[in-house]
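Worksheet: the structure to be examined is printed underneath.
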Amino acid sequence: KNSGLAQDKDFFSCSKFYVDYEVSWNVLAEFSDGLIAVGADVEMAKIFGDRFYLAVRDGVHAMVNRNMQVLPVAMWDVHYIGDKDRLTFEVLKSIKSGSFLDSDCSYKGGGDGLRFRTANEITLMFSTVPETILNLRKLADLCDFEFEDRVLDFPEFCLPAGINASEFLRRLVMDGLRRRYGSRCNEMLNRVNAELEVINRVGYAEYFLTVWDLLQECKRLGIDWLTRGSAADSLVCYCLGISNICPIRFGLYFERFLNSDRMQMNKLPDIDIDFPHDRRDEVVDMIFRRYGFEHAARVGGFSTYQSRSAFIDVVKVFGVSAFQAHRISEKLPHVQASAIAEALQFRKECSDLPLDNEPYKTALRIAMTLDNFPRHPKMHPCGVVVSRASIWRYCPCFASDQGYPVTHFDMESLENLGLVKLDILAQGGLAVIRDVRASLQSRGIRVEVDSLDPWQDQKVWNMISSGQAIAVHHIESPAMLSLARRCGVHDIHGLIAMVSVIRPGAANENHKTEFVQRYRGLSPVTFPCSLIEKFLRDSFGLLLYEEQVLQICNEFAGLTLGDSDALRRALGKKNALLIEKLKDKFYKSALALGRSKDLIELVWSMIDAFQGYAFCKAHSAAYAIEAYTAAWLKLNYPAEFMAAVLSNGKGFYAPIVYVMECYRLGLDFLQPSVNSPGPGFTVEPGGNSRQKIRVPLFNAKGLSESIKQKILEEKHR
């Protein structure tokens with residue numbers, strides 16, 4: 001085997017390019033500058049000269065080295081720490097190769113030669129050639145490398161002459177401010193200036209311009225989008241047209257999205273954007289066309305072992321059949337692998353499993369050590385990174401099935417390197433709204449969804465509150481339909497709260513029931529104290545949104561925004577150790593501000609109960625407004641709406657549920673017709689002024705793609 005060492009940081013980016021095929025001598029010679037080679041092939045000395053070291057593993061090779069006058073260096077393999085780890089190593093290698101543990105493989109039979117060695121053991125191993133140890137030390141001294149301090153790297157943006165990114169961003173924002181608010185724009189100047197000051201201070205102007213530029217191209221191509229997540233907290237995003245949610249109107253908190261403390265903790269905010277599910281890939285392609293494979297990549301990561309997957313993979317290398325492995329694993333608890341043994345004690349259905357017999361006993365023990373161990377590389381479902389410098393300068397990449405470069409680093413590691421991702425997401429709700437509007441437009445009916453503001457159509461609220469929102473994206477699940485009925489939701493603020501209270505974090509401590517009672521006026525709205533009343537007023541005295549955690553921690557307890565944001569993330573991931581650490585800070589800081597101990601405990605109990613996945617208010621607002629829009633379309637144009645739902649096929653339920661909903665709405669179906677082949681469901685006039693939905697011919701079973709294409713060609717002749 002041959003290895004390459006980066007002699008300095010200038011070569012670091014090249015040394016990270018990994019290939020699993022042989023590199024020609026010509027290529028090796030071309031890129032040899034700054035590289036030290038260690039290997040068993042002395043021919044490499046012709047290329048690297050005195051930068052080549054011959055790997056020595058025993059005394060026989062050492063004698064050859066002396067005769068050849070090539071500098072020998074001690075070399076040995078380390079694959080695990082101690083003897084107790086050998087079996088786990090061999091199991092993992094067997095999993096990778098798809099072989100049984102007792103098969104003959106090159107990595108087996110090496111005794112203890114692959115474990116970590118102490119300094120004394122190494123000295124003894126190479127006692128006959130002590131110069132190899134000296135050369136090893138010299139080799140280490142030759143390598144001088146340190147990671148550079150993180151510098152944000154955004155793609156190059158073509159700016160107008162004589163203006164920098166911050167100035168151009170301000171120009172765009174001020175234009176948008178006047179467009180959004182007209183004569184009221186002066187009232188918003190303080191907020192805009194404060195946001196721009198933070199954006200410029202943390203060096204994020206180019207990121208906003210990059211996203212704005214991308215969405216301008218989407219607008220040109222007729223691709224709708226919805227900005228969700230904390231980016232909708234920003235007035236700058238609203239003025240740029242990135243977001244369509246007014247943060248002033250809904251009292252949204254910019255610091256949840258971006259603050260200086262968060263940046264200093266290597267937590268880079270990004271902008272999450274939903275696109276229609278059938279055009280998302282088009283947006284991804286657009287990014288790669290614009291920046292090229294050298295400056296753009298999909299975000300990677302690793303699938304890790306959990307309890308069941310670890311047990312299945314391990315026990316199969318002992319010769320257990322896949323059927324038997326899955327039969328046993330189906331009864332194992334869904335817990336972390338390290339907690340399997342403890343959890344089994346409390347599960348009666350596991351009492352008959354042969355886990356005390358071999359090889360199951362050993363397999364279970366090894367599986368427990370693989371908790372969160374990488375299983376295989378994966379591609380982040382929606383993350384894309386773009387950069388000014390080559391992506392390869394920062395990290396290695398592999399090719400996805402679609403041909404995109406995918407980073408071998410996960411998103412947290414990419415953040416540490418200064419790369420910020422774009423989240424390009426897909427959802428069916430936007431496609432439904434788009435298709436309904438297009439269907440109506442073809443009949444001369446123009447619907448401007450922005451004109452639905454202030455969302456006060458009582459007929460729409462009656463439909464939602466009666467549980468008839470099936471097919472309405474975000475609020476059609478059984479849990480949401482039930483909650484809407486129980487609440488009798490009748491305004492946009494109630495719907496925003498309802499979208500959030502259903503999430504695990506906000507739903508803790510029976511908050512759903514309490515929210516229903518308070519929203520309907522059946523229970524009094526109370527607050528722990530007047531100091532935090534202003535933060536909880538819109539949520540009826542309950543902690544429902546992530547922004548509220550930050551506001552309470554910062555203004556009630558006096559924590560920095562960085563610590564407040566760290567606590568928010570710890571609550572979301574149920575990180576008990578970090579929560580306990582920040583609890584101590586919370587108490588000390590609040591006491592220093594003169595808060596009473598009893599009050600601190602009361603407020604902390606609210607925060608501590610907010611553990612689990614939760615929404616920020618901006619996210620809930622974006623989804624609530626989208627849901628209202630869809631509900632309005634369903635109420636006023638039911639045929640077009642249900643046809644779009646059936647065509648897109650991205651709802652919560654199976655298609656038969658939406659067919660039954662059509663019948664409930666009084667809509668009938670027309671049989672497939674060669675004159676209306678599809679591909680989608682269409683609306684046609686029926687008798688008695690009732691519209692009907694035509695089932696597309698393409699939904700008929702047995703039609704090949706070639707036949708479908710011929711039908712379409714014939715139809716358009």
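Naming scheme: A, B, ... for chains in displayed order of the structure tokens; residues 1 onward per chain; ligands 1 onward as shown.
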### Query
Counting only C-alpha atoms, what is within 7 Å of stretch 294-300 of chain A, bar same-chain residues fewer than 4 positions away, as a list in words?
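Once the adjacent positions are removed, what remains is Phe288, Lys378, Met379, His380, Gly383, Val384, Val385, Val386, Ser387, Arg388, Ala389, Ser390, Ile391, Tyr404, Pro405, Val406, Thr407, His408, Phe409, Asp410 and Met411 of chain A.
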### Query
Near stretch 93-105 of chain A, within 7 Å and counting only C-alpha atoms, which residues show up once chain neighbours fewer than 4 positions away are dropped, as a PyMOL selection string?
chain A and resi 89+313+317-319
### Message
At a cut-off of 9 Å, using only C-alpha atoms, what residues contact stretch 676-688 of chain A? Leave out same-chain residues fewer than 4 positions from it and give the result as a list in words.
### Response
Ser439, Ala639, Glu640, Met642, Ala643, Ala644, Val645, Leu646, Ser647, Asn648, Asp668, Leu670, Pro672, Lys692, Ile693, Arg694, Val695, Pro696, Leu697, Phe698, Asn699, Lys708, Ile711, Leu712 and Lys715 of chain A
#### Entry: Proximity to A:Ala74 - best of A:Ala29, A:Leu196, A:Ile579, A:Ile133, only C-alpha atoms
A:Ile133
### Query
Which parts of stretch 338-552 of chain A does DSSP call helix (DSSP H, G or I) when run on the backbone here, written out as JSON, numbers by chain?
{"A": [338, 339, 340, 341, 342, 343, 344, 348, 349, 350, 360, 361, 362, 363, 364, 365, 366, 367, 368, 369, 391, 392, 393, 411, 412, 413, 414, 415, 416, 417, 428, 429, 430, 431, 432, 433, 434, 435, 436, 437, 438, 439, 440, 441, 449, 450, 451, 452, 458, 459, 460, 461, 462, 463, 464, 465, 478, 479, 480, 481, 482, 483, 484, 485, 486, 487, 492, 493, 494, 495, 496, 497, 498, 499, 500, 501, 504, 505, 506, 507, 508, 509, 510, 511, 512, 513, 514, 515, 516, 517, 518, 519, 530, 531, 532, 533, 534, 535, 536, 537, 538, 539, 546, 547, 548, 549, 550, 551, 552]}
### Message
From a backbone DSSP assignment, name each residue in stretch 415-474 of chain A labelled strand (DSSP E), as a count of residues only.
### Response
7
### Task
For stretch 519-526 of chain A, please output as an NGL selection string all residues within 9 Å (counting only C-alpha atoms; exclusion window: fewer than 6 positions along the same chain).
:A and (486-489 or 494 or 533 or 537 or 539-542)
Save out the residues we just selected, C-alpha atoms, as a tab-separated table (two decimals), in the first residue's frame.
```tsv
chain	number	residue	atom	x	y	z
A	486	ARG	CA	-61.90	20.71	19.50
A	487	CYS	CA	-60.61	24.28	19.23
A	488	GLY	CA	-63.28	25.60	16.94
A	489	VAL	CA	-60.42	27.56	15.36
A	494	GLY	CA	-55.35	30.45	16.38
A	533	GLU	CA	-46.53	38.00	29.60
A	537	ARG	CA	-49.77	36.64	25.01
A	539	SER	CA	-50.08	31.76	22.60
A	540	PHE	CA	-52.62	32.11	25.43
A	541	GLY	CA	-49.99	31.93	28.17
A	542	LEU	CA	-48.48	28.68	26.90
```
